[in-house]
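As provided, data_33.cif (mmCIF, N, CA and C atoms) reads as follows.
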```cif
data_coords
loop_
_atom_site.label_atom_id
_atom_site.label_comp_id
_atom_site.auth_asym_id
_atom_site.auth_seq_id
_atom_site.Cartn_x
_atom_site.Cartn_y
_atom_site.Cartn_z
N MET A 60 -0.44 -18.97 22.34
CA MET A 60 -0.90 -17.65 21.91
C MET A 60 -2.26 -17.81 21.22
N SER A 61 -3.23 -16.98 21.59
CA SER A 61 -4.55 -17.10 20.98
C SER A 61 -4.58 -16.38 19.64
N THR A 62 -5.46 -16.86 18.77
CA THR A 62 -5.62 -16.26 17.45
C THR A 62 -6.62 -15.13 17.55
N ILE A 63 -6.34 -14.02 16.87
CA ILE A 63 -7.27 -12.90 16.84
C ILE A 63 -8.23 -13.12 15.69
N LYS A 64 -9.50 -13.18 15.99
CA LYS A 64 -10.53 -13.43 14.99
C LYS A 64 -11.01 -12.12 14.40
N ALA A 65 -11.45 -12.17 13.14
CA ALA A 65 -12.04 -11.00 12.50
C ALA A 65 -13.38 -10.72 13.16
N PRO A 66 -13.72 -9.43 13.35
CA PRO A 66 -15.02 -9.08 13.93
C PRO A 66 -16.15 -9.54 13.01
N ASN A 67 -17.34 -9.60 13.55
CA ASN A 67 -18.51 -9.99 12.76
C ASN A 67 -18.60 -9.15 11.50
N GLY A 68 -18.90 -9.81 10.39
CA GLY A 68 -19.09 -9.09 9.14
C GLY A 68 -17.81 -8.85 8.36
N GLN A 69 -16.66 -9.19 8.91
CA GLN A 69 -15.40 -8.97 8.21
C GLN A 69 -14.83 -10.28 7.71
N ASP A 70 -14.38 -10.27 6.47
CA ASP A 70 -13.74 -11.45 5.88
C ASP A 70 -12.23 -11.26 5.92
N GLY A 71 -11.53 -12.33 6.19
CA GLY A 71 -10.08 -12.33 6.05
C GLY A 71 -9.33 -11.57 7.12
N GLU A 72 -8.07 -11.39 6.83
CA GLU A 72 -7.14 -10.73 7.75
C GLU A 72 -7.18 -9.23 7.58
N PRO A 73 -6.82 -8.49 8.63
CA PRO A 73 -6.73 -7.04 8.48
C PRO A 73 -5.58 -6.67 7.55
N ILE A 74 -5.68 -5.52 6.93
CA ILE A 74 -4.61 -5.00 6.08
C ILE A 74 -3.48 -4.50 6.98
N ILE A 75 -3.83 -3.89 8.09
CA ILE A 75 -2.85 -3.38 9.06
C ILE A 75 -3.28 -3.82 10.45
N ARG A 76 -2.31 -4.23 11.24
CA ARG A 76 -2.53 -4.53 12.65
C ARG A 76 -1.39 -3.85 13.40
N ALA A 77 -1.73 -2.99 14.36
CA ALA A 77 -0.69 -2.23 15.07
C ALA A 77 -1.01 -2.12 16.56
N MET A 78 0.01 -2.31 17.39
CA MET A 78 -0.11 -2.15 18.84
C MET A 78 0.03 -0.66 19.15
N MET A 79 -0.90 -0.10 19.90
CA MET A 79 -0.85 1.31 20.25
C MET A 79 0.09 1.53 21.44
N MET A 80 0.94 2.50 21.30
CA MET A 80 2.01 2.76 22.26
C MET A 80 1.81 4.11 22.95
N PRO A 81 2.51 4.36 24.06
CA PRO A 81 2.37 5.64 24.76
C PRO A 81 2.65 6.86 23.88
N ARG A 82 3.54 6.73 22.91
CA ARG A 82 3.86 7.87 22.03
C ARG A 82 2.66 8.30 21.18
N ASP A 83 1.65 7.42 21.07
CA ASP A 83 0.49 7.68 20.23
C ASP A 83 -0.65 8.39 20.96
N THR A 84 -0.44 8.74 22.24
CA THR A 84 -1.54 9.27 23.05
C THR A 84 -1.60 10.79 23.07
N ASN A 85 -2.82 11.27 23.29
CA ASN A 85 -3.04 12.69 23.53
C ASN A 85 -3.05 12.93 25.05
N TYR A 86 -3.33 14.14 25.47
CA TYR A 86 -3.29 14.45 26.90
C TYR A 86 -4.45 13.84 27.68
N HIS A 87 -5.43 13.26 26.99
CA HIS A 87 -6.52 12.55 27.66
C HIS A 87 -6.14 11.10 27.96
N GLY A 88 -5.00 10.66 27.42
CA GLY A 88 -4.57 9.29 27.62
C GLY A 88 -5.14 8.32 26.62
N THR A 89 -5.79 8.84 25.57
CA THR A 89 -6.30 7.98 24.50
C THR A 89 -5.46 8.23 23.24
N ILE A 90 -5.60 7.36 22.28
CA ILE A 90 -4.81 7.46 21.05
C ILE A 90 -5.32 8.63 20.20
N PHE A 91 -4.38 9.41 19.67
CA PHE A 91 -4.72 10.52 18.78
C PHE A 91 -5.58 10.02 17.63
N GLY A 92 -6.62 10.79 17.31
CA GLY A 92 -7.44 10.47 16.14
C GLY A 92 -6.62 10.46 14.87
N GLY A 93 -5.61 11.31 14.80
CA GLY A 93 -4.77 11.38 13.61
C GLY A 93 -3.98 10.10 13.37
N ILE A 94 -3.63 9.41 14.44
CA ILE A 94 -2.94 8.12 14.30
C ILE A 94 -3.89 7.13 13.62
N ILE A 95 -5.13 7.11 14.05
CA ILE A 95 -6.12 6.20 13.48
C ILE A 95 -6.40 6.57 12.02
N LEU A 96 -6.52 7.88 11.73
CA LEU A 96 -6.74 8.32 10.35
C LEU A 96 -5.59 7.89 9.46
N SER A 97 -4.38 7.99 9.95
CA SER A 97 -3.20 7.57 9.18
C SER A 97 -3.25 6.08 8.87
N LEU A 98 -3.63 5.27 9.86
CA LEU A 98 -3.74 3.82 9.64
C LEU A 98 -4.81 3.51 8.59
N ILE A 99 -5.93 4.23 8.65
CA ILE A 99 -7.00 4.05 7.66
C ILE A 99 -6.47 4.36 6.26
N ASP A 100 -5.80 5.49 6.13
CA ASP A 100 -5.28 5.92 4.83
C ASP A 100 -4.26 4.91 4.29
N GLN A 101 -3.39 4.41 5.16
CA GLN A 101 -2.39 3.43 4.73
C GLN A 101 -3.04 2.12 4.29
N ALA A 102 -3.99 1.62 5.06
CA ALA A 102 -4.64 0.34 4.73
C ALA A 102 -5.43 0.46 3.43
N ALA A 103 -6.23 1.50 3.32
CA ALA A 103 -7.03 1.69 2.11
C ALA A 103 -6.13 1.94 0.91
N GLY A 104 -5.06 2.70 1.10
CA GLY A 104 -4.11 2.96 0.03
C GLY A 104 -3.42 1.69 -0.44
N THR A 105 -3.17 0.77 0.46
CA THR A 105 -2.57 -0.50 0.09
C THR A 105 -3.50 -1.28 -0.83
N VAL A 106 -4.78 -1.35 -0.46
CA VAL A 106 -5.76 -2.05 -1.29
C VAL A 106 -5.85 -1.39 -2.67
N ALA A 107 -5.91 -0.06 -2.69
CA ALA A 107 -6.03 0.66 -3.96
C ALA A 107 -4.78 0.46 -4.83
N SER A 108 -3.61 0.52 -4.23
CA SER A 108 -2.37 0.38 -4.98
C SER A 108 -2.23 -1.01 -5.59
N VAL A 109 -2.61 -2.02 -4.82
CA VAL A 109 -2.55 -3.39 -5.35
C VAL A 109 -3.51 -3.53 -6.53
N ARG A 110 -4.71 -2.98 -6.40
CA ARG A 110 -5.70 -3.08 -7.50
C ARG A 110 -5.26 -2.29 -8.72
N ALA A 111 -4.70 -1.10 -8.51
CA ALA A 111 -4.30 -0.23 -9.62
C ALA A 111 -2.98 -0.67 -10.25
N ARG A 112 -2.21 -1.47 -9.50
CA ARG A 112 -0.87 -1.85 -9.95
C ARG A 112 -0.04 -0.62 -10.30
N SER A 113 -0.22 0.43 -9.48
CA SER A 113 0.51 1.68 -9.68
C SER A 113 0.48 2.44 -8.36
N GLY A 114 1.08 3.61 -8.38
CA GLY A 114 0.94 4.50 -7.24
C GLY A 114 -0.48 5.02 -7.17
N VAL A 115 -0.88 5.44 -6.00
CA VAL A 115 -2.21 6.03 -5.81
C VAL A 115 -2.09 7.24 -4.89
N VAL A 116 -3.05 8.13 -5.01
CA VAL A 116 -3.14 9.26 -4.09
C VAL A 116 -4.55 9.30 -3.52
N THR A 117 -4.64 9.76 -2.29
CA THR A 117 -5.94 9.88 -1.63
C THR A 117 -6.64 11.13 -2.17
N LEU A 118 -7.83 10.95 -2.69
CA LEU A 118 -8.62 12.07 -3.16
C LEU A 118 -9.58 12.54 -2.07
N LYS A 119 -10.17 11.58 -1.36
CA LYS A 119 -11.23 11.93 -0.41
C LYS A 119 -11.35 10.86 0.67
N MET A 120 -11.61 11.31 1.88
CA MET A 120 -12.01 10.42 2.97
C MET A 120 -13.30 11.03 3.52
N ASN A 121 -14.35 10.21 3.57
CA ASN A 121 -15.62 10.77 4.04
C ASN A 121 -15.60 10.99 5.56
N GLU A 122 -16.69 11.43 6.08
CA GLU A 122 -16.83 11.70 7.51
C GLU A 122 -16.39 10.51 8.35
N VAL A 123 -15.59 10.79 9.35
CA VAL A 123 -15.11 9.75 10.27
C VAL A 123 -15.63 10.08 11.66
N ILE A 124 -16.39 9.17 12.22
CA ILE A 124 -16.93 9.35 13.57
C ILE A 124 -16.30 8.28 14.45
N PHE A 125 -15.69 8.71 15.54
CA PHE A 125 -15.07 7.77 16.47
C PHE A 125 -16.12 7.30 17.48
N HIS A 126 -16.45 6.02 17.40
CA HIS A 126 -17.49 5.44 18.26
C HIS A 126 -16.95 4.99 19.61
N ASN A 127 -15.68 4.61 19.65
CA ASN A 127 -15.05 4.15 20.88
C ASN A 127 -13.61 4.62 20.91
N PRO A 128 -13.09 4.91 22.10
CA PRO A 128 -11.69 5.32 22.20
C PRO A 128 -10.76 4.13 22.01
N VAL A 129 -9.51 4.46 21.71
CA VAL A 129 -8.45 3.45 21.61
C VAL A 129 -7.43 3.81 22.69
N PHE A 130 -6.93 2.80 23.40
CA PHE A 130 -6.02 3.00 24.52
C PHE A 130 -4.65 2.40 24.25
N VAL A 131 -3.68 2.86 25.02
CA VAL A 131 -2.34 2.27 24.97
C VAL A 131 -2.48 0.78 25.25
N GLY A 132 -1.81 -0.03 24.46
CA GLY A 132 -1.87 -1.47 24.62
C GLY A 132 -2.93 -2.15 23.78
N ASP A 133 -3.85 -1.37 23.21
CA ASP A 133 -4.85 -1.97 22.32
C ASP A 133 -4.17 -2.39 21.02
N LEU A 134 -4.61 -3.51 20.48
CA LEU A 134 -4.17 -3.94 19.17
C LEU A 134 -5.23 -3.48 18.18
N VAL A 135 -4.85 -2.57 17.30
CA VAL A 135 -5.79 -1.99 16.34
C VAL A 135 -5.68 -2.75 15.02
N SER A 136 -6.82 -3.18 14.51
CA SER A 136 -6.89 -3.87 13.22
C SER A 136 -7.69 -3.01 12.25
N VAL A 137 -7.11 -2.81 11.07
CA VAL A 137 -7.79 -2.03 10.03
C VAL A 137 -8.07 -2.96 8.85
N TYR A 138 -9.35 -3.12 8.55
CA TYR A 138 -9.81 -3.93 7.43
C TYR A 138 -10.17 -2.97 6.30
N ALA A 139 -9.86 -3.34 5.08
CA ALA A 139 -10.20 -2.48 3.93
C ALA A 139 -10.60 -3.36 2.76
N ASN A 140 -11.63 -2.95 2.06
CA ASN A 140 -12.16 -3.70 0.91
C ASN A 140 -12.45 -2.76 -0.24
N LEU A 141 -12.15 -3.23 -1.44
CA LEU A 141 -12.46 -2.50 -2.66
C LEU A 141 -13.97 -2.54 -2.88
N MET A 142 -14.58 -1.37 -3.03
CA MET A 142 -16.03 -1.30 -3.22
C MET A 142 -16.42 -0.97 -4.66
N GLY A 143 -15.53 -0.32 -5.39
CA GLY A 143 -15.85 0.05 -6.77
C GLY A 143 -14.64 0.61 -7.48
N VAL A 144 -14.67 0.50 -8.82
CA VAL A 144 -13.58 1.01 -9.65
C VAL A 144 -14.18 1.88 -10.74
N GLY A 145 -13.62 3.09 -10.88
CA GLY A 145 -13.98 3.97 -11.98
C GLY A 145 -12.88 3.93 -13.03
N ARG A 146 -12.82 4.95 -13.87
CA ARG A 146 -11.78 4.97 -14.91
C ARG A 146 -10.39 5.14 -14.30
N THR A 147 -10.24 6.12 -13.41
CA THR A 147 -8.94 6.35 -12.76
C THR A 147 -9.03 6.25 -11.24
N SER A 148 -10.23 6.01 -10.73
CA SER A 148 -10.42 6.05 -9.27
C SER A 148 -10.95 4.73 -8.73
N MET A 149 -10.79 4.58 -7.41
CA MET A 149 -11.27 3.40 -6.70
C MET A 149 -11.90 3.84 -5.38
N LYS A 150 -13.00 3.19 -5.01
CA LYS A 150 -13.66 3.44 -3.74
C LYS A 150 -13.31 2.29 -2.80
N ILE A 151 -12.80 2.65 -1.61
CA ILE A 151 -12.38 1.66 -0.62
C ILE A 151 -13.16 1.91 0.67
N GLN A 152 -13.67 0.84 1.27
CA GLN A 152 -14.32 0.91 2.57
C GLN A 152 -13.34 0.40 3.61
N ALA A 153 -13.16 1.13 4.69
CA ALA A 153 -12.25 0.73 5.76
C ALA A 153 -12.99 0.69 7.09
N GLU A 154 -12.62 -0.26 7.93
CA GLU A 154 -13.17 -0.37 9.28
C GLU A 154 -12.02 -0.57 10.25
N VAL A 155 -12.14 0.08 11.41
CA VAL A 155 -11.12 -0.03 12.45
C VAL A 155 -11.73 -0.68 13.68
N TRP A 156 -11.02 -1.68 14.19
CA TRP A 156 -11.45 -2.41 15.38
C TRP A 156 -10.31 -2.42 16.38
N ALA A 157 -10.63 -2.31 17.66
CA ALA A 157 -9.63 -2.39 18.72
C ALA A 157 -9.83 -3.66 19.51
N HIS A 158 -8.74 -4.37 19.72
CA HIS A 158 -8.73 -5.56 20.55
C HIS A 158 -8.09 -5.14 21.87
N ARG A 159 -8.88 -5.13 22.94
CA ARG A 159 -8.40 -4.67 24.24
C ARG A 159 -7.42 -5.67 24.84
N ARG A 160 -6.54 -5.15 25.71
CA ARG A 160 -5.54 -5.99 26.38
C ARG A 160 -6.17 -7.09 27.21
N ASP A 161 -7.33 -6.82 27.76
CA ASP A 161 -7.96 -7.79 28.67
C ASP A 161 -8.68 -8.92 27.92
N GLY A 162 -8.53 -8.96 26.61
CA GLY A 162 -9.22 -9.98 25.82
C GLY A 162 -10.55 -9.43 25.36
N GLY A 163 -11.60 -10.10 25.67
CA GLY A 163 -12.93 -9.61 25.31
C GLY A 163 -13.13 -9.50 23.80
N ASP A 164 -14.32 -9.08 23.44
CA ASP A 164 -14.66 -8.94 22.03
C ASP A 164 -14.04 -7.67 21.45
N PRO A 165 -13.72 -7.69 20.16
CA PRO A 165 -13.21 -6.48 19.52
C PRO A 165 -14.25 -5.36 19.60
N VAL A 166 -13.77 -4.13 19.66
CA VAL A 166 -14.62 -2.94 19.77
C VAL A 166 -14.50 -2.15 18.47
N HIS A 167 -15.65 -1.83 17.86
CA HIS A 167 -15.64 -1.04 16.63
C HIS A 167 -15.24 0.40 16.98
N VAL A 168 -14.21 0.88 16.32
CA VAL A 168 -13.70 2.23 16.58
C VAL A 168 -14.30 3.22 15.59
N THR A 169 -14.17 2.94 14.29
CA THR A 169 -14.69 3.84 13.27
C THR A 169 -14.69 3.16 11.92
N SER A 170 -15.34 3.77 10.96
CA SER A 170 -15.37 3.32 9.57
C SER A 170 -15.18 4.54 8.68
N ALA A 171 -14.72 4.30 7.48
CA ALA A 171 -14.56 5.40 6.52
C ALA A 171 -14.64 4.85 5.11
N GLU A 172 -15.07 5.71 4.21
CA GLU A 172 -15.06 5.41 2.79
C GLU A 172 -14.06 6.37 2.16
N LEU A 173 -13.15 5.84 1.35
CA LEU A 173 -12.10 6.65 0.74
C LEU A 173 -12.13 6.50 -0.76
N ILE A 174 -11.71 7.54 -1.46
CA ILE A 174 -11.55 7.51 -2.90
C ILE A 174 -10.06 7.75 -3.19
N PHE A 175 -9.49 6.86 -3.99
CA PHE A 175 -8.10 6.97 -4.42
C PHE A 175 -8.06 7.11 -5.93
N VAL A 176 -7.02 7.79 -6.42
CA VAL A 176 -6.79 7.94 -7.85
C VAL A 176 -5.47 7.28 -8.19
N ALA A 177 -5.48 6.46 -9.24
CA ALA A 177 -4.25 5.83 -9.72
C ALA A 177 -3.41 6.89 -10.42
N VAL A 178 -2.12 6.88 -10.16
CA VAL A 178 -1.23 7.87 -10.78
C VAL A 178 0.00 7.18 -11.37
N GLY A 179 0.50 7.78 -12.44
CA GLY A 179 1.71 7.29 -13.08
C GLY A 179 2.94 7.95 -12.48
N PRO A 180 4.11 7.67 -13.07
CA PRO A 180 5.37 8.23 -12.57
C PRO A 180 5.39 9.76 -12.54
N ASP A 181 4.60 10.38 -13.42
CA ASP A 181 4.53 11.85 -13.45
C ASP A 181 3.49 12.40 -12.47
N ARG A 182 2.89 11.48 -11.69
CA ARG A 182 1.87 11.80 -10.67
C ARG A 182 0.58 12.35 -11.26
N ARG A 183 0.34 12.04 -12.52
CA ARG A 183 -0.91 12.41 -13.17
C ARG A 183 -1.81 11.17 -13.21
N PRO A 184 -3.14 11.38 -13.18
CA PRO A 184 -4.06 10.22 -13.19
C PRO A 184 -3.84 9.32 -14.40
N ILE A 185 -3.96 8.02 -14.12
CA ILE A 185 -3.89 7.00 -15.18
C ILE A 185 -5.07 6.06 -15.01
N PRO A 186 -5.46 5.38 -16.08
CA PRO A 186 -6.58 4.43 -15.95
C PRO A 186 -6.24 3.26 -15.04
N VAL A 187 -7.22 2.83 -14.28
CA VAL A 187 -7.07 1.61 -13.47
C VAL A 187 -7.22 0.44 -14.44
N PRO A 188 -6.25 -0.48 -14.46
CA PRO A 188 -6.36 -1.60 -15.41
C PRO A 188 -7.57 -2.47 -15.12
N ALA A 189 -8.07 -3.10 -16.19
CA ALA A 189 -9.13 -4.10 -16.01
C ALA A 189 -8.52 -5.24 -15.21
N GLU A 190 -9.35 -5.91 -14.44
CA GLU A 190 -8.84 -7.00 -13.61
C GLU A 190 -8.09 -7.97 -14.45
#
```

This entry written out as structure tokens:
Amino acid sequence: MSTIKAPNGQDGEPIIRAMMMPRDTNYHGTIFGGIILSLIDQAAGTVASVRARSGVVTLKMNEVIFHNPVFVGDLVSVYANLMGVGRTSMKIQAEVWAHRRDGGDPVHVTSAELIFVAVGPDRRPIPVPAE
């Protein structure tokens, strides 16, 4: 089995890696954009939650432009990195890459910048702890 390498400019392993299935397609035969948005939110939320050591909620996702389609059978990798920490918020950068079934180089699908807020058990904002 071959190893999947990180695309140029990416360090480490993806936060999420998922095989796209027929249930994920729209009537054009490509993967629903909402499926990709969900993966972005989950990956970035994972990074934010680990950093905050608490629950987090998505405050904002910036403009998302789909540069390439995703097809059934593609292995989608979502990379996410912490870009900044405020008092109760965190900025996360996410990138989505598709690894086609035929091998070849990974294809950049989209990128997004997200803002998450750390929340306590009462779901109200709490300070992000110092590292």

Strand (DSSP E) per DSSP on the backbone: members of segment 60-155 of chain A, as a ChimeraX atom specification: /A:75-78,114-120,134-144,148-155

Please identify all polymer residues within 6 Å of segment 148-150 of chain A, counting all atoms listed in the file, omitting same-chain residues fewer than 5 positions from it, and present them as a list in words. Asn140, Leu141, Met142, Gly143, Leu173, Ile174, Phe175, Val176, Ala177 and Val187 of chain A

Tell me, which residues of chain A carry DSSP alpha helix (DSSP H), written as a JSON list (two decimals) with N, CA and C atoms, in the coordinates of the input?
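Resulting contents of result14.json:
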```
[["chain", "number", "residue", "atom", "x", "y", "z"],
["A", 92, "GLY", "N", -6.62, 10.79, 17.31],
["A", 92, "GLY", "CA", -7.44, 10.47, 16.14],
["A", 92, "GLY", "C", -6.62, 10.46, 14.87],
["A", 93, "GLY", "N", -5.61, 11.31, 14.80],
["A", 93, "GLY", "CA", -4.77, 11.38, 13.61],
["A", 93, "GLY", "C", -3.98, 10.10, 13.37],
["A", 94, "ILE", "N", -3.63, 9.41, 14.44],
["A", 94, "ILE", "CA", -2.94, 8.12, 14.30],
["A", 94, "ILE", "C", -3.89, 7.13, 13.62],
["A", 95, "ILE", "N", -5.13, 7.11, 14.05],
["A", 95, "ILE", "CA", -6.12, 6.20, 13.48],
["A", 95, "ILE", "C", -6.40, 6.57, 12.02],
["A", 96, "LEU", "N", -6.52, 7.88, 11.73],
["A", 96, "LEU", "CA", -6.74, 8.32, 10.35],
["A", 96, "LEU", "C", -5.59, 7.89, 9.46],
["A", 97, "SER", "N", -4.38, 7.99, 9.95],
["A", 97, "SER", "CA", -3.20, 7.57, 9.18],
["A", 97, "SER", "C", -3.25, 6.08, 8.87],
["A", 98, "LEU", "N", -3.63, 5.27, 9.86],
["A", 98, "LEU", "CA", -3.74, 3.82, 9.64],
["A", 98, "LEU", "C", -4.81, 3.51, 8.59],
["A", 99, "ILE", "N", -5.93, 4.23, 8.65],
["A", 99, "ILE", "CA", -7.00, 4.05, 7.66],
["A", 99, "ILE", "C", -6.47, 4.36, 6.26],
["A", 100, "ASP", "N", -5.80, 5.49, 6.13],
["A", 100, "ASP", "CA", -5.28, 5.92, 4.83],
["A", 100, "ASP", "C", -4.26, 4.91, 4.29],
["A", 101, "GLN", "N", -3.39, 4.41, 5.16],
["A", 101, "GLN", "CA", -2.39, 3.43, 4.73],
["A", 101, "GLN", "C", -3.04, 2.12, 4.29],
["A", 102, "ALA", "N", -3.99, 1.62, 5.06],
["A", 102, "ALA", "CA", -4.64, 0.34, 4.73],
["A", 102, "ALA", "C", -5.43, 0.46, 3.43],
["A", 103, "ALA", "N", -6.23, 1.50, 3.32],
["A", 103, "ALA", "CA", -7.03, 1.69, 2.11],
["A", 103, "ALA", "C", -6.13, 1.94, 0.91],
["A", 104, "GLY", "N", -5.06, 2.70, 1.10],
["A", 104, "GLY", "CA", -4.11, 2.96, 0.03],
["A", 104, "GLY", "C", -3.42, 1.69, -0.44],
["A", 105, "THR", "N", -3.17, 0.77, 0.46],
["A", 105, "THR", "CA", -2.57, -0.50, 0.09],
["A", 105, "THR", "C", -3.50, -1.28, -0.83],
["A", 106, "VAL", "N", -4.78, -1.35, -0.46],
["A", 106, "VAL", "CA", -5.76, -2.05, -1.29],
["A", 106, "VAL", "C", -5.85, -1.39, -2.67],
["A", 107, "ALA", "N", -5.91, -0.06, -2.69],
["A", 107, "ALA", "CA", -6.03, 0.66, -3.96],
["A", 107, "ALA", "C", -4.78, 0.46, -4.83],
["A", 108, "SER", "N", -3.61, 0.52, -4.23],
["A", 108, "SER", "CA", -2.37, 0.38, -4.98],
["A", 108, "SER", "C", -2.23, -1.01, -5.59],
["A", 109, "VAL", "N", -2.61, -2.02, -4.82],
["A", 109, "VAL", "CA", -2.55, -3.39, -5.35],
["A", 109, "VAL", "C", -3.51, -3.53, -6.53],
["A", 110, "ARG", "N", -4.71, -2.98, -6.40],
["A", 110, "ARG", "CA", -5.70, -3.08, -7.50],
["A", 110, "ARG", "C", -5.26, -2.29, -8.72],
["A", 111, "ALA", "N", -4.70, -1.10, -8.51],
["A", 111, "ALA", "CA", -4.30, -0.23, -9.62],
["A", 111, "ALA", "C", -2.98, -0.67, -10.25]]
```

For segment 131-150 of chain A, take all atoms listed in the file, fit an axis-aligned box around them, add 5 Å to each of the six sides, then output centre and edge lengths in Å rounded to one decimal, as JSON.
```
{"center_x": -9.1, "center_y": 1.2, "center_z": 5.2, "size_x": 24.6, "size_y": 20.3, "size_z": 50.2}
```

Where does the PyMOL selection byres ((chain A and resi 75) around 8) land in this file, that is, which residues does it pick, as JSON, numbers by chain? {"A": [72, 73, 74, 76, 77, 78, 98, 101, 102, 103, 134, 135, 136, 137, 138, 139]}

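One distance worth recording is that between atom N of Arg146 of chain A and atom C of Pro180 of chain A, which is 18.9 Å.
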
Mind checking which residues fall within 12 Å of Asp181 of chain A, counting only C-alpha atoms, ignoring those fewer than 3 positions away in the same chain, and posting them as a VMD selection string? chain A and resid 113 to 115 177 to 178 184 to 185
